[in-house]
$ cat upload.cif   # mmCIF, N, CA and C atoms
data_work
#
loop_
_atom_site.group_PDB
_atom_site.id
_atom_site.type_symbol
_atom_site.label_atom_id
_atom_site.label_comp_id
_atom_site.auth_asym_id
_atom_site.auth_seq_id
_atom_site.Cartn_x
_atom_site.Cartn_y
_atom_site.Cartn_z
ATOM 1 N N GLY A 823 2.434 31.969 4.676
ATOM 2 C CA GLY A 823 2.684 30.949 3.646
ATOM 3 C C GLY A 823 3.117 31.569 2.331
ATOM 4 N N LYS A 824 3.499 30.702 1.419
ATOM 5 C CA LYS A 824 3.978 31.132 0.115
ATOM 6 C C LYS A 824 2.986 30.627 -0.928
ATOM 7 N N ILE A 825 2.512 31.518 -1.781
ATOM 8 C CA ILE A 825 1.504 31.149 -2.769
ATOM 9 C C ILE A 825 1.997 31.536 -4.152
ATOM 10 N N GLU A 826 1.968 30.575 -5.091
ATOM 11 C CA GLU A 826 2.377 30.850 -6.470
ATOM 12 C C GLU A 826 1.298 30.364 -7.408
ATOM 13 N N ASN A 827 0.859 31.253 -8.321
ATOM 14 C CA ASN A 827 0.009 30.855 -9.431
ATOM 15 C C ASN A 827 -1.184 30.013 -8.985
ATOM 16 N N SER A 828 -1.883 30.439 -7.929
ATOM 17 C CA SER A 828 -2.979 29.654 -7.368
ATOM 18 C C SER A 828 -4.199 30.528 -7.114
ATOM 19 N N ILE A 829 -5.346 29.872 -6.980
ATOM 20 C CA ILE A 829 -6.576 30.568 -6.602
ATOM 21 C C ILE A 829 -6.926 30.130 -5.190
ATOM 22 N N ILE A 830 -6.899 31.094 -4.265
ATOM 23 C CA ILE A 830 -7.128 30.800 -2.851
ATOM 24 C C ILE A 830 -8.408 31.514 -2.438
ATOM 25 N N SER A 831 -9.394 30.758 -1.956
ATOM 26 C CA SER A 831 -10.668 31.352 -1.557
ATOM 27 C C SER A 831 -10.583 31.975 -0.171
ATOM 28 N N GLU A 832 -11.620 32.741 0.143
ATOM 29 C CA GLU A 832 -11.729 33.392 1.448
ATOM 30 C C GLU A 832 -11.690 32.363 2.571
ATOM 31 N N GLY A 833 -11.109 32.764 3.676
ATOM 32 C CA GLY A 833 -11.147 31.899 4.855
ATOM 33 C C GLY A 833 -10.131 30.775 4.858
ATOM 34 N N CYS A 834 -9.232 30.764 3.875
ATOM 35 C CA CYS A 834 -8.164 29.758 3.891
ATOM 36 C C CYS A 834 -7.051 30.233 4.819
ATOM 37 N N GLU A 835 -6.377 29.268 5.453
ATOM 38 C CA GLU A 835 -5.206 29.588 6.266
ATOM 39 C C GLU A 835 -4.016 28.860 5.653
ATOM 40 N N ILE A 836 -3.081 29.640 5.139
ATOM 41 C CA ILE A 836 -1.943 29.058 4.421
ATOM 42 C C ILE A 836 -0.677 29.313 5.228
ATOM 43 N N TYR A 837 -0.138 28.284 5.840
ATOM 44 C CA TYR A 837 1.125 28.404 6.587
ATOM 45 C C TYR A 837 2.249 27.714 5.834
ATOM 46 N N GLY A 838 1.878 26.936 4.828
ATOM 47 C CA GLY A 838 2.866 26.233 4.005
ATOM 48 C C GLY A 838 2.967 26.875 2.637
ATOM 49 N N THR A 839 3.167 26.053 1.606
ATOM 50 C CA THR A 839 3.361 26.519 0.236
ATOM 51 C C THR A 839 2.267 25.964 -0.660
ATOM 52 N N VAL A 840 1.719 26.815 -1.517
ATOM 53 C CA VAL A 840 0.690 26.394 -2.464
ATOM 54 C C VAL A 840 1.110 26.852 -3.857
ATOM 55 N N LYS A 841 1.201 25.894 -4.794
ATOM 56 C CA LYS A 841 1.618 26.222 -6.167
ATOM 57 C C LYS A 841 0.632 25.610 -7.159
ATOM 58 N N ASN A 842 0.254 26.409 -8.157
ATOM 59 C CA ASN A 842 -0.577 25.920 -9.270
ATOM 60 C C ASN A 842 -1.801 25.149 -8.784
ATOM 61 N N SER A 843 -2.475 25.650 -7.749
ATOM 62 C CA SER A 843 -3.584 24.915 -7.161
ATOM 63 C C SER A 843 -4.792 25.818 -6.943
ATOM 64 N N VAL A 844 -5.936 25.183 -6.699
ATOM 65 C CA VAL A 844 -7.165 25.899 -6.371
ATOM 66 C C VAL A 844 -7.619 25.426 -4.999
ATOM 67 N N LEU A 845 -7.775 26.378 -4.073
ATOM 68 C CA LEU A 845 -8.242 26.047 -2.721
ATOM 69 C C LEU A 845 -9.593 26.699 -2.488
ATOM 70 N N TYR A 846 -10.567 25.892 -2.116
ATOM 71 C CA TYR A 846 -11.910 26.370 -1.793
ATOM 72 C C TYR A 846 -11.892 26.981 -0.388
ATOM 73 N N PRO A 847 -13.015 27.621 0.033
ATOM 74 C CA PRO A 847 -13.014 28.302 1.336
ATOM 75 C C PRO A 847 -12.700 27.383 2.511
ATOM 76 N N GLY A 848 -11.974 27.949 3.481
ATOM 77 C CA GLY A 848 -11.769 27.251 4.749
ATOM 78 C C GLY A 848 -10.766 26.121 4.731
ATOM 79 N N VAL A 849 -9.882 26.106 3.745
ATOM 80 C CA VAL A 849 -8.830 25.083 3.708
ATOM 81 C C VAL A 849 -7.661 25.562 4.569
ATOM 82 N N LYS A 850 -7.077 24.629 5.332
ATOM 83 C CA LYS A 850 -5.892 24.951 6.133
ATOM 84 C C LYS A 850 -4.705 24.172 5.601
ATOM 85 N N VAL A 851 -3.623 24.895 5.329
ATOM 86 C CA VAL A 851 -2.373 24.267 4.902
ATOM 87 C C VAL A 851 -1.357 24.568 6.001
ATOM 88 N N MET A 852 -0.973 23.536 6.741
ATOM 89 C CA MET A 852 -0.129 23.722 7.916
ATOM 90 C C MET A 852 1.333 23.994 7.542
ATOM 91 N N PRO A 853 2.144 24.450 8.519
ATOM 92 C CA PRO A 853 3.541 24.779 8.233
ATOM 93 C C PRO A 853 4.304 23.613 7.606
ATOM 94 N N GLY A 854 5.112 23.927 6.613
ATOM 95 C CA GLY A 854 5.948 22.909 5.970
ATOM 96 C C GLY A 854 5.208 22.062 4.954
ATOM 97 N N ALA A 855 3.885 22.224 4.861
ATOM 98 C CA ALA A 855 3.119 21.468 3.861
ATOM 99 C C ALA A 855 3.282 22.121 2.496
ATOM 100 N N VAL A 856 3.270 21.280 1.454
ATOM 101 C CA VAL A 856 3.364 21.776 0.082
ATOM 102 C C VAL A 856 2.201 21.193 -0.716
ATOM 103 N N VAL A 857 1.415 22.079 -1.316
ATOM 104 C CA VAL A 857 0.296 21.665 -2.167
ATOM 105 C C VAL A 857 0.625 22.130 -3.570
ATOM 106 N N ARG A 858 0.742 21.178 -4.512
ATOM 107 C CA ARG A 858 1.028 21.601 -5.882
ATOM 108 C C ARG A 858 0.129 20.885 -6.879
ATOM 109 N N ASP A 859 -0.276 21.637 -7.905
ATOM 110 C CA ASP A 859 -1.069 21.091 -9.011
ATOM 111 C C ASP A 859 -2.288 20.325 -8.504
ATOM 112 N N SER A 860 -3.002 20.886 -7.528
ATOM 113 C CA SER A 860 -4.113 20.183 -6.899
ATOM 114 C C SER A 860 -5.335 21.083 -6.733
ATOM 115 N N VAL A 861 -6.483 20.428 -6.524
ATOM 116 C CA VAL A 861 -7.714 21.128 -6.170
ATOM 117 C C VAL A 861 -8.138 20.611 -4.804
ATOM 118 N N VAL A 862 -8.328 21.532 -3.847
ATOM 119 C CA VAL A 862 -8.665 21.150 -2.472
ATOM 120 C C VAL A 862 -9.964 21.850 -2.096
ATOM 121 N N MET A 863 -10.991 21.063 -1.751
ATOM 122 C CA MET A 863 -12.307 21.622 -1.462
ATOM 123 C C MET A 863 -12.446 22.023 0.005
ATOM 124 N N SER A 864 -13.566 22.691 0.292
ATOM 125 C CA SER A 864 -13.787 23.362 1.581
ATOM 126 C C SER A 864 -13.585 22.480 2.797
ATOM 127 N N GLY A 865 -13.022 23.112 3.837
ATOM 128 C CA GLY A 865 -12.959 22.476 5.150
ATOM 129 C C GLY A 865 -11.895 21.407 5.297
ATOM 130 N N THR A 866 -11.019 21.304 4.312
ATOM 131 C CA THR A 866 -9.974 20.282 4.359
ATOM 132 C C THR A 866 -8.742 20.820 5.091
ATOM 133 N N VAL A 867 -8.065 19.938 5.836
ATOM 134 C CA VAL A 867 -6.837 20.300 6.547
ATOM 135 C C VAL A 867 -5.695 19.454 6.006
ATOM 136 N N ILE A 868 -4.618 20.130 5.605
ATOM 137 C CA ILE A 868 -3.410 19.466 5.109
ATOM 138 C C ILE A 868 -2.362 19.600 6.205
ATOM 139 N N GLY A 869 -1.954 18.478 6.764
ATOM 140 C CA GLY A 869 -1.082 18.472 7.941
ATOM 141 C C GLY A 869 0.325 18.981 7.695
ATOM 142 N N GLU A 870 0.986 19.254 8.799
ATOM 143 C CA GLU A 870 2.349 19.777 8.791
ATOM 144 C C GLU A 870 3.297 18.856 8.025
ATOM 145 N N GLY A 871 4.098 19.459 7.133
ATOM 146 C CA GLY A 871 5.126 18.698 6.428
ATOM 147 C C GLY A 871 4.594 17.729 5.385
ATOM 148 N N THR A 872 3.301 17.799 5.072
ATOM 149 C CA THR A 872 2.707 16.897 4.075
ATOM 150 C C THR A 872 2.925 17.447 2.674
ATOM 151 N N GLU A 873 3.149 16.537 1.719
ATOM 152 C CA GLU A 873 3.277 16.949 0.319
ATOM 153 C C GLU A 873 2.120 16.380 -0.474
ATOM 154 N N LEU A 874 1.436 17.263 -1.164
ATOM 155 C CA LEU A 874 0.265 16.891 -1.956
ATOM 156 C C LEU A 874 0.542 17.294 -3.389
ATOM 157 N N SER A 875 0.463 16.357 -4.334
ATOM 158 C CA SER A 875 0.659 16.751 -5.730
ATOM 159 C C SER A 875 -0.302 16.009 -6.640
ATOM 160 N N TYR A 876 -0.800 16.731 -7.618
ATOM 161 C CA TYR A 876 -1.735 16.189 -8.615
ATOM 162 C C TYR A 876 -2.876 15.435 -7.934
ATOM 163 N N ALA A 877 -3.532 16.119 -6.990
ATOM 164 C CA ALA A 877 -4.605 15.480 -6.236
ATOM 165 C C ALA A 877 -5.880 16.305 -6.304
ATOM 166 N N LEU A 878 -6.999 15.593 -6.204
ATOM 167 C CA LEU A 878 -8.307 16.217 -6.091
ATOM 168 C C LEU A 878 -8.848 15.801 -4.733
ATOM 169 N N ILE A 879 -8.992 16.777 -3.836
ATOM 170 C CA ILE A 879 -9.364 16.490 -2.451
ATOM 171 C C ILE A 879 -10.752 17.062 -2.194
ATOM 172 N N ASP A 880 -11.682 16.192 -1.798
ATOM 173 C CA ASP A 880 -13.064 16.606 -1.567
ATOM 174 C C ASP A 880 -13.188 17.377 -0.250
ATOM 175 N N THR A 881 -14.417 17.716 0.138
ATOM 176 C CA THR A 881 -14.665 18.521 1.335
ATOM 177 C C THR A 881 -14.390 17.745 2.616
ATOM 178 N N ASP A 882 -13.982 18.496 3.624
ATOM 179 C CA ASP A 882 -13.818 17.992 4.994
ATOM 180 C C ASP A 882 -12.901 16.781 5.100
ATOM 181 N N VAL A 883 -11.829 16.795 4.319
ATOM 182 C CA VAL A 883 -10.820 15.739 4.388
ATOM 183 C C VAL A 883 -9.745 16.189 5.371
ATOM 184 N N THR A 884 -9.224 15.248 6.157
ATOM 185 C CA THR A 884 -8.126 15.553 7.071
ATOM 186 C C THR A 884 -6.926 14.703 6.678
ATOM 187 N N ILE A 885 -5.841 15.364 6.326
ATOM 188 C CA ILE A 885 -4.604 14.668 5.965
ATOM 189 C C ILE A 885 -3.603 14.978 7.070
ATOM 190 N N GLY A 886 -3.069 13.934 7.679
ATOM 191 C CA GLY A 886 -2.162 14.095 8.819
ATOM 192 C C GLY A 886 -0.831 14.724 8.434
ATOM 193 N N ALA A 887 0.090 14.696 9.403
ATOM 194 C CA ALA A 887 1.425 15.272 9.201
ATOM 195 C C ALA A 887 2.327 14.319 8.429
ATOM 196 N N LYS A 888 3.260 14.904 7.687
ATOM 197 C CA LYS A 888 4.323 14.157 6.997
ATOM 198 C C LYS A 888 3.788 13.062 6.088
ATOM 199 N N CYS A 889 2.654 13.325 5.435
ATOM 200 C CA CYS A 889 2.108 12.387 4.451
ATOM 201 C C CYS A 889 2.624 12.753 3.059
ATOM 202 N N ARG A 890 2.561 11.781 2.158
ATOM 203 C CA ARG A 890 2.840 12.023 0.743
ATOM 204 C C ARG A 890 1.600 11.577 0.003
ATOM 205 N N VAL A 891 0.948 12.500 -0.664
ATOM 206 C CA VAL A 891 -0.275 12.167 -1.387
ATOM 207 C C VAL A 891 -0.097 12.550 -2.844
ATOM 208 N N GLY A 892 -0.255 11.565 -3.731
ATOM 209 C CA GLY A 892 -0.136 11.812 -5.166
ATOM 210 C C GLY A 892 1.290 11.758 -5.645
ATOM 211 N N GLY A 893 1.448 11.956 -6.945
ATOM 212 C CA GLY A 893 2.774 11.888 -7.538
ATOM 213 C C GLY A 893 2.726 12.488 -8.919
ATOM 214 N N GLU A 894 3.682 12.168 -9.724
ATOM 215 C CA GLU A 894 3.718 12.723 -11.078
ATOM 216 C C GLU A 894 2.569 12.155 -11.896
ATOM 217 N N VAL A 895 2.103 12.941 -12.841
ATOM 218 C CA VAL A 895 0.949 12.531 -13.631
ATOM 219 C C VAL A 895 1.345 12.332 -15.079
ATOM 220 N N GLY A 896 1.047 11.135 -15.584
ATOM 221 C CA GLY A 896 1.254 10.857 -17.009
ATOM 222 C C GLY A 896 -0.049 11.068 -17.753
ATOM 223 N N ASN A 897 -1.157 10.703 -17.119
ATOM 224 C CA ASN A 897 -2.474 10.937 -17.706
ATOM 225 C C ASN A 897 -3.494 11.100 -16.586
ATOM 226 N N SER A 898 -4.756 11.309 -16.954
ATOM 227 C CA SER A 898 -5.769 11.625 -15.944
ATOM 228 C C SER A 898 -5.957 10.498 -14.928
ATOM 229 N N GLU A 899 -5.602 9.275 -15.284
ATOM 230 C CA GLU A 899 -5.737 8.151 -14.343
ATOM 231 C C GLU A 899 -4.731 8.233 -13.203
ATOM 232 N N ASP A 900 -3.732 9.097 -13.350
ATOM 233 C CA ASP A 900 -2.705 9.235 -12.313
ATOM 234 C C ASP A 900 -3.087 10.252 -11.242
ATOM 235 N N ILE A 901 -4.233 10.921 -11.417
ATOM 236 C CA ILE A 901 -4.656 11.902 -10.419
ATOM 237 C C ILE A 901 -5.170 11.156 -9.187
ATOM 238 N N THR A 902 -4.737 11.597 -8.021
ATOM 239 C CA THR A 902 -5.137 10.981 -6.756
ATOM 240 C C THR A 902 -6.401 11.677 -6.256
ATOM 241 N N VAL A 903 -7.402 10.890 -5.840
ATOM 242 C CA VAL A 903 -8.675 11.452 -5.400
ATOM 243 C C VAL A 903 -8.992 10.976 -3.982
ATOM 244 N N LEU A 904 -9.222 11.921 -3.078
ATOM 245 C CA LEU A 904 -9.669 11.582 -1.721
ATOM 246 C C LEU A 904 -11.088 12.107 -1.564
ATOM 247 N N GLY A 905 -12.020 11.191 -1.290
ATOM 248 C CA GLY A 905 -13.432 11.541 -1.186
ATOM 249 C C GLY A 905 -13.766 12.289 0.092
ATOM 250 N N GLU A 906 -14.998 12.785 0.147
ATOM 251 C CA GLU A 906 -15.485 13.591 1.255
ATOM 252 C C GLU A 906 -15.261 12.910 2.605
ATOM 253 N N GLY A 907 -14.714 13.687 3.548
ATOM 254 C CA GLY A 907 -14.580 13.197 4.917
ATOM 255 C C GLY A 907 -13.482 12.176 5.161
ATOM 256 N N THR A 908 -12.660 11.903 4.147
ATOM 257 C CA THR A 908 -11.563 10.933 4.310
ATOM 258 C C THR A 908 -10.571 11.445 5.365
ATOM 259 N N VAL A 909 -10.059 10.528 6.183
ATOM 260 C CA VAL A 909 -9.031 10.875 7.168
ATOM 261 C C VAL A 909 -7.789 10.043 6.867
ATOM 262 N N ILE A 910 -6.671 10.723 6.689
ATOM 263 C CA ILE A 910 -5.398 10.063 6.389
ATOM 264 C C ILE A 910 -4.487 10.240 7.600
ATOM 265 N N ALA A 911 -4.010 9.126 8.138
ATOM 266 C CA ALA A 911 -3.158 9.160 9.339
ATOM 267 C C ALA A 911 -1.786 9.760 9.034
ATOM 268 N N ASP A 912 -1.130 10.264 10.077
ATOM 269 C CA ASP A 912 0.218 10.817 9.941
ATOM 270 C C ASP A 912 1.146 9.820 9.253
ATOM 271 N N GLY A 913 1.991 10.333 8.367
ATOM 272 C CA GLY A 913 3.041 9.515 7.770
ATOM 273 C C GLY A 913 2.601 8.581 6.665
ATOM 274 N N GLU A 914 1.319 8.617 6.275
ATOM 275 C CA GLU A 914 0.837 7.721 5.205
ATOM 276 C C GLU A 914 1.368 8.181 3.847
ATOM 277 N N LYS A 915 1.529 7.203 2.942
ATOM 278 C CA LYS A 915 1.905 7.524 1.569
ATOM 279 C C LYS A 915 0.811 6.997 0.652
ATOM 280 N N ILE A 916 0.241 7.892 -0.147
ATOM 281 C CA ILE A 916 -0.819 7.510 -1.072
ATOM 282 C C ILE A 916 -0.334 7.795 -2.477
ATOM 283 N N ASP A 917 -0.195 6.730 -3.259
ATOM 284 C CA ASP A 917 0.428 6.841 -4.577
ATOM 285 C C ASP A 917 -0.457 7.548 -5.594
ATOM 286 N N ALA A 918 0.169 7.956 -6.684
ATOM 287 C CA ALA A 918 -0.547 8.568 -7.803
ATOM 288 C C ALA A 918 -1.643 7.625 -8.294
ATOM 289 N N GLY A 919 -2.789 8.190 -8.610
ATOM 290 C CA GLY A 919 -3.863 7.408 -9.213
ATOM 291 C C GLY A 919 -4.744 6.659 -8.239
ATOM 292 N N VAL A 920 -4.475 6.752 -6.930
ATOM 293 C CA VAL A 920 -5.296 6.046 -5.934
ATOM 294 C C VAL A 920 -6.570 6.851 -5.681
ATOM 295 N N MET A 921 -7.694 6.128 -5.514
ATOM 296 C CA MET A 921 -8.959 6.779 -5.155
ATOM 297 C C MET A 921 -9.427 6.243 -3.823
ATOM 298 N N ILE A 922 -9.704 7.139 -2.880
ATOM 299 C CA ILE A 922 -10.203 6.724 -1.567
ATOM 300 C C ILE A 922 -11.482 7.516 -1.285
ATOM 301 N N PRO A 923 -12.633 6.923 -0.930
ATOM 302 C CA PRO A 923 -12.809 5.477 -0.995
ATOM 303 C C PRO A 923 -12.820 5.044 -2.460
ATOM 304 N N GLU A 924 -12.397 3.845 -2.724
ATOM 305 C CA GLU A 924 -12.313 3.370 -4.093
ATOM 306 C C GLU A 924 -13.721 3.289 -4.676
ATOM 307 N N LEU A 925 -13.853 3.755 -5.903
ATOM 308 C CA LEU A 925 -15.160 3.697 -6.549
ATOM 309 C C LEU A 925 -15.479 2.257 -6.905
ATOM 310 N N ARG A 926 -16.678 1.832 -6.559
ATOM 311 C CA ARG A 926 -17.081 0.468 -6.898
ATOM 312 C C ARG A 926 -17.241 0.363 -8.417
ATOM 313 N N LYS A 927 -16.699 -0.705 -8.956
ATOM 314 C CA LYS A 927 -16.710 -0.884 -10.403
ATOM 315 C C LYS A 927 -18.134 -1.127 -10.923
ATOM 316 N N ASP A 928 -19.006 -1.677 -10.066
ATOM 317 C CA ASP A 928 -20.354 -2.005 -10.548
ATOM 318 C C ASP A 928 -21.292 -0.803 -10.530
ATOM 319 N N LYS A 929 -20.812 0.301 -10.006
ATOM 320 C CA LYS A 929 -21.639 1.512 -9.941
ATOM 321 C C LYS A 929 -21.682 2.173 -11.313
ATOM 322 N N LYS A 930 -22.856 2.471 -11.787
ATOM 323 C CA LYS A 930 -22.975 3.115 -13.109
ATOM 324 C C LYS A 930 -22.878 4.625 -12.948
#
$ encode --input "upload.cif" --output "C-alpha cells"
Amino acid sequence: GKIENSIISEGCEIYGTVKNSVLYPGVKVMPGAVVRDSVVMSGTVIGEGTELSYALIDTDVTIGAKCRVGGEVGNSEDITVLGEGTVIADGEKIDAGVMIPELRKDKK
C-alpha cells in the first residue's frame, strides 16, 4: 500500500492508500481503497475500492467494497461517524456528517 503523512499502528494491513490519517492496531485497508483525513480504530476492515474521507470509524467496523463514506468538511458537523461494530454493505454511500448509529437526541 501507499502511505502519506499518517500514523499506522502495529498489525495493520495496508493494500490501498492512506493519507493524513491515524489507523489503530489491526486495521485492514483492502486493495484500491483510499482512506484520507480519517481516524480508524482497531479491528476495522475497509473494503476493496472504498473511499473514506473525513471520517471517524470506531472499533470492529466492516465497510464493504466500493463504498463512499464521508465527504468534504466545512465544519466539525460534517465529519462522518460510524459506531462500534457497524457493518456497511458493498456499494453504499454515506454522506458527510452522517452518524451511524444515529445518536439519540434525548441522550444527555
$ residues_around --input "upload.cif" --residues "A:Gly896" --least-positions-apart "4" --cutoff "10 Å" --atoms "only C-alpha atoms" --output "list in words"
Asp900, Ile901, Ala918 and Gly919 of chain A
$ resolve_selection --input "upload.cif" --expression "the PyMOL selection byres (((chain A and resi 864-867 and name CA) around 10) and name CA)" --output "ChimeraX atom specification"
/A:831,833-835,845-852,862-863,868-870,879-886,906-909
$ resolve_selection --input "upload.cif" --expression "the PyMOL selection byres (((chain A and resi 904 and name CA) around 6) and name CA)" --output "list of chain:residue names"
A:Ile879, A:Val903, A:Gly905, A:Met921, A:Ile922
$ residues_around --input "upload.cif" --residues "A:Gly892" --least-positions-apart "4" --cutoff "5 Å" --atoms "only N, CA and C atoms" --output "list in words"
Ser875, Ile916, Asp917 and Ala918 of chain A
$ select_by_dssp --input "upload.cif" --residues "stretch 875-918 of chain A" --states "strand (DSSP E or B)" --output "NGL selection string"
:A and (875 or 877-879 or 884-885 or 890-891 or 902-904 or 909-910 or 915-916)
$ atom_distance --input "upload.cif" --atom1 "atom N of A:Tyr837" --atom2 "atom C of A:Glu899"
28.0 Å
$ residues_around --input "upload.cif" --residues "stretch 855-861 of chain A" --least-positions-apart "5" --cutoff "6 Å" --atoms "only C-alpha atoms" --output "list in words"
Gly838, Thr839, Val840, Lys841, Asn842, Ser843, Val844, Glu870, Gly871, Thr872, Glu873, Leu874, Ser875, Tyr876, Ala877 and Leu878 of chain A
$ atom_distance --input "upload.cif" --atom1 "atom C of A:Glu924" --atom2 "atom N of A:Glu832"
29.9 Å
$ atom_distance --input "upload.cif" --atom1 "atom CA of A:Val920" --atom2 "atom CA of A:Ala887"
19.0 Å
$ closest_residue --input "upload.cif" --among "A:Ile836, A:Val891, A:Asn897, A:Thr902" --to "A:Lys915" --atoms "all atoms listed in the file"
A:Val891
$ decode --input "upload.cif" --residues "stretch 877-891 of chain A" --atoms "N, CA, C and O atoms" --output "PDB file, in the first residue's frame"
ATOM      1  N   ALA A 877     -13.649  10.900   8.162  1.00  0.00           N
ATOM      2  CA  ALA A 877     -14.500  10.001   8.933  1.00  0.00           C
ATOM      3  C   ALA A 877     -13.811   9.573  10.219  1.00  0.00           C
ATOM      4  O   ALA A 877     -12.580   9.502  10.294  1.00  0.00           O
ATOM      5  N   LEU A 878     -14.641   9.293  11.219  1.00  0.00           N
ATOM      6  CA  LEU A 878     -14.179   8.720  12.472  1.00  0.00           C
ATOM      7  C   LEU A 878     -14.846   7.357  12.574  1.00  0.00           C
ATOM      8  O   LEU A 878     -16.075   7.261  12.644  1.00  0.00           O
ATOM      9  N   ILE A 879     -14.034   6.302  12.509  1.00  0.00           N
ATOM     10  CA  ILE A 879     -14.561   4.938  12.450  1.00  0.00           C
ATOM     11  C   ILE A 879     -14.180   4.216  13.735  1.00  0.00           C
ATOM     12  O   ILE A 879     -13.000   4.100  14.062  1.00  0.00           O
ATOM     13  N   ASP A 880     -15.190   3.734  14.460  1.00  0.00           N
ATOM     14  CA  ASP A 880     -14.961   3.065  15.738  1.00  0.00           C
ATOM     15  C   ASP A 880     -14.410   1.652  15.521  1.00  0.00           C
ATOM     16  O   ASP A 880     -14.145   1.236  14.395  1.00  0.00           O
ATOM     17  N   THR A 881     -14.262   0.890  16.604  1.00  0.00           N
ATOM     18  CA  THR A 881     -13.674  -0.449  16.541  1.00  0.00           C
ATOM     19  C   THR A 881     -14.598  -1.452  15.865  1.00  0.00           C
ATOM     20  O   THR A 881     -15.827  -1.350  15.940  1.00  0.00           O
ATOM     21  N   ASP A 882     -13.968  -2.423  15.228  1.00  0.00           N
ATOM     22  CA  ASP A 882     -14.649  -3.587  14.648  1.00  0.00           C
ATOM     23  C   ASP A 882     -15.761  -3.228  13.672  1.00  0.00           C
ATOM     24  O   ASP A 882     -16.815  -3.856  13.642  1.00  0.00           O
ATOM     25  N   VAL A 883     -15.521  -2.196  12.873  1.00  0.00           N
ATOM     26  CA  VAL A 883     -16.466  -1.802  11.828  1.00  0.00           C
ATOM     27  C   VAL A 883     -16.058  -2.514  10.543  1.00  0.00           C
ATOM     28  O   VAL A 883     -14.868  -2.689  10.261  1.00  0.00           O
ATOM     29  N   THR A 884     -17.046  -2.953   9.764  1.00  0.00           N
ATOM     30  CA  THR A 884     -16.768  -3.568   8.469  1.00  0.00           C
ATOM     31  C   THR A 884     -17.422  -2.720   7.387  1.00  0.00           C
ATOM     32  O   THR A 884     -18.641  -2.536   7.398  1.00  0.00           O
ATOM     33  N   ILE A 885     -16.607  -2.203   6.490  1.00  0.00           N
ATOM     34  CA  ILE A 885     -17.110  -1.402   5.371  1.00  0.00           C
ATOM     35  C   ILE A 885     -16.866  -2.225   4.114  1.00  0.00           C
ATOM     36  O   ILE A 885     -15.741  -2.641   3.854  1.00  0.00           O
ATOM     37  N   GLY A 886     -17.928  -2.475   3.368  1.00  0.00           N
ATOM     38  CA  GLY A 886     -17.846  -3.332   2.182  1.00  0.00           C
ATOM     39  C   GLY A 886     -17.032  -2.709   1.056  1.00  0.00           C
ATOM     40  O   GLY A 886     -16.382  -1.681   1.215  1.00  0.00           O
ATOM     41  N   ALA A 887     -17.108  -3.368  -0.105  1.00  0.00           N
ATOM     42  CA  ALA A 887     -16.374  -2.909  -1.290  1.00  0.00           C
ATOM     43  C   ALA A 887     -17.103  -1.767  -1.984  1.00  0.00           C
ATOM     44  O   ALA A 887     -18.323  -1.670  -1.929  1.00  0.00           O
ATOM     45  N   LYS A 888     -16.321  -0.909  -2.629  1.00  0.00           N
ATOM     46  CA  LYS A 888     -16.844   0.164  -3.489  1.00  0.00           C
ATOM     47  C   LYS A 888     -17.840   1.065  -2.778  1.00  0.00           C
ATOM     48  O   LYS A 888     -18.827   1.512  -3.366  1.00  0.00           O
ATOM     49  N   CYS A 889     -17.603   1.326  -1.491  1.00  0.00           N
ATOM     50  CA  CYS A 889     -18.436   2.268  -0.739  1.00  0.00           C
ATOM     51  C   CYS A 889     -17.815   3.663  -0.810  1.00  0.00           C
ATOM     52  O   CYS A 889     -16.632   3.811  -1.097  1.00  0.00           O
ATOM     53  N   ARG A 890     -18.644   4.666  -0.546  1.00  0.00           N
ATOM     54  CA  ARG A 890     -18.167   6.039  -0.391  1.00  0.00           C
ATOM     55  C   ARG A 890     -18.624   6.475   0.982  1.00  0.00           C
ATOM     56  O   ARG A 890     -19.824   6.541   1.237  1.00  0.00           O
ATOM     57  N   VAL A 891     -17.684   6.768   1.850  1.00  0.00           N
ATOM     58  CA  VAL A 891     -18.031   7.173   3.209  1.00  0.00           C
ATOM     59  C   VAL A 891     -17.420   8.534   3.481  1.00  0.00           C
ATOM     60  O   VAL A 891     -16.209   8.715   3.361  1.00  0.00           O
TER      61      VAL A 891
END
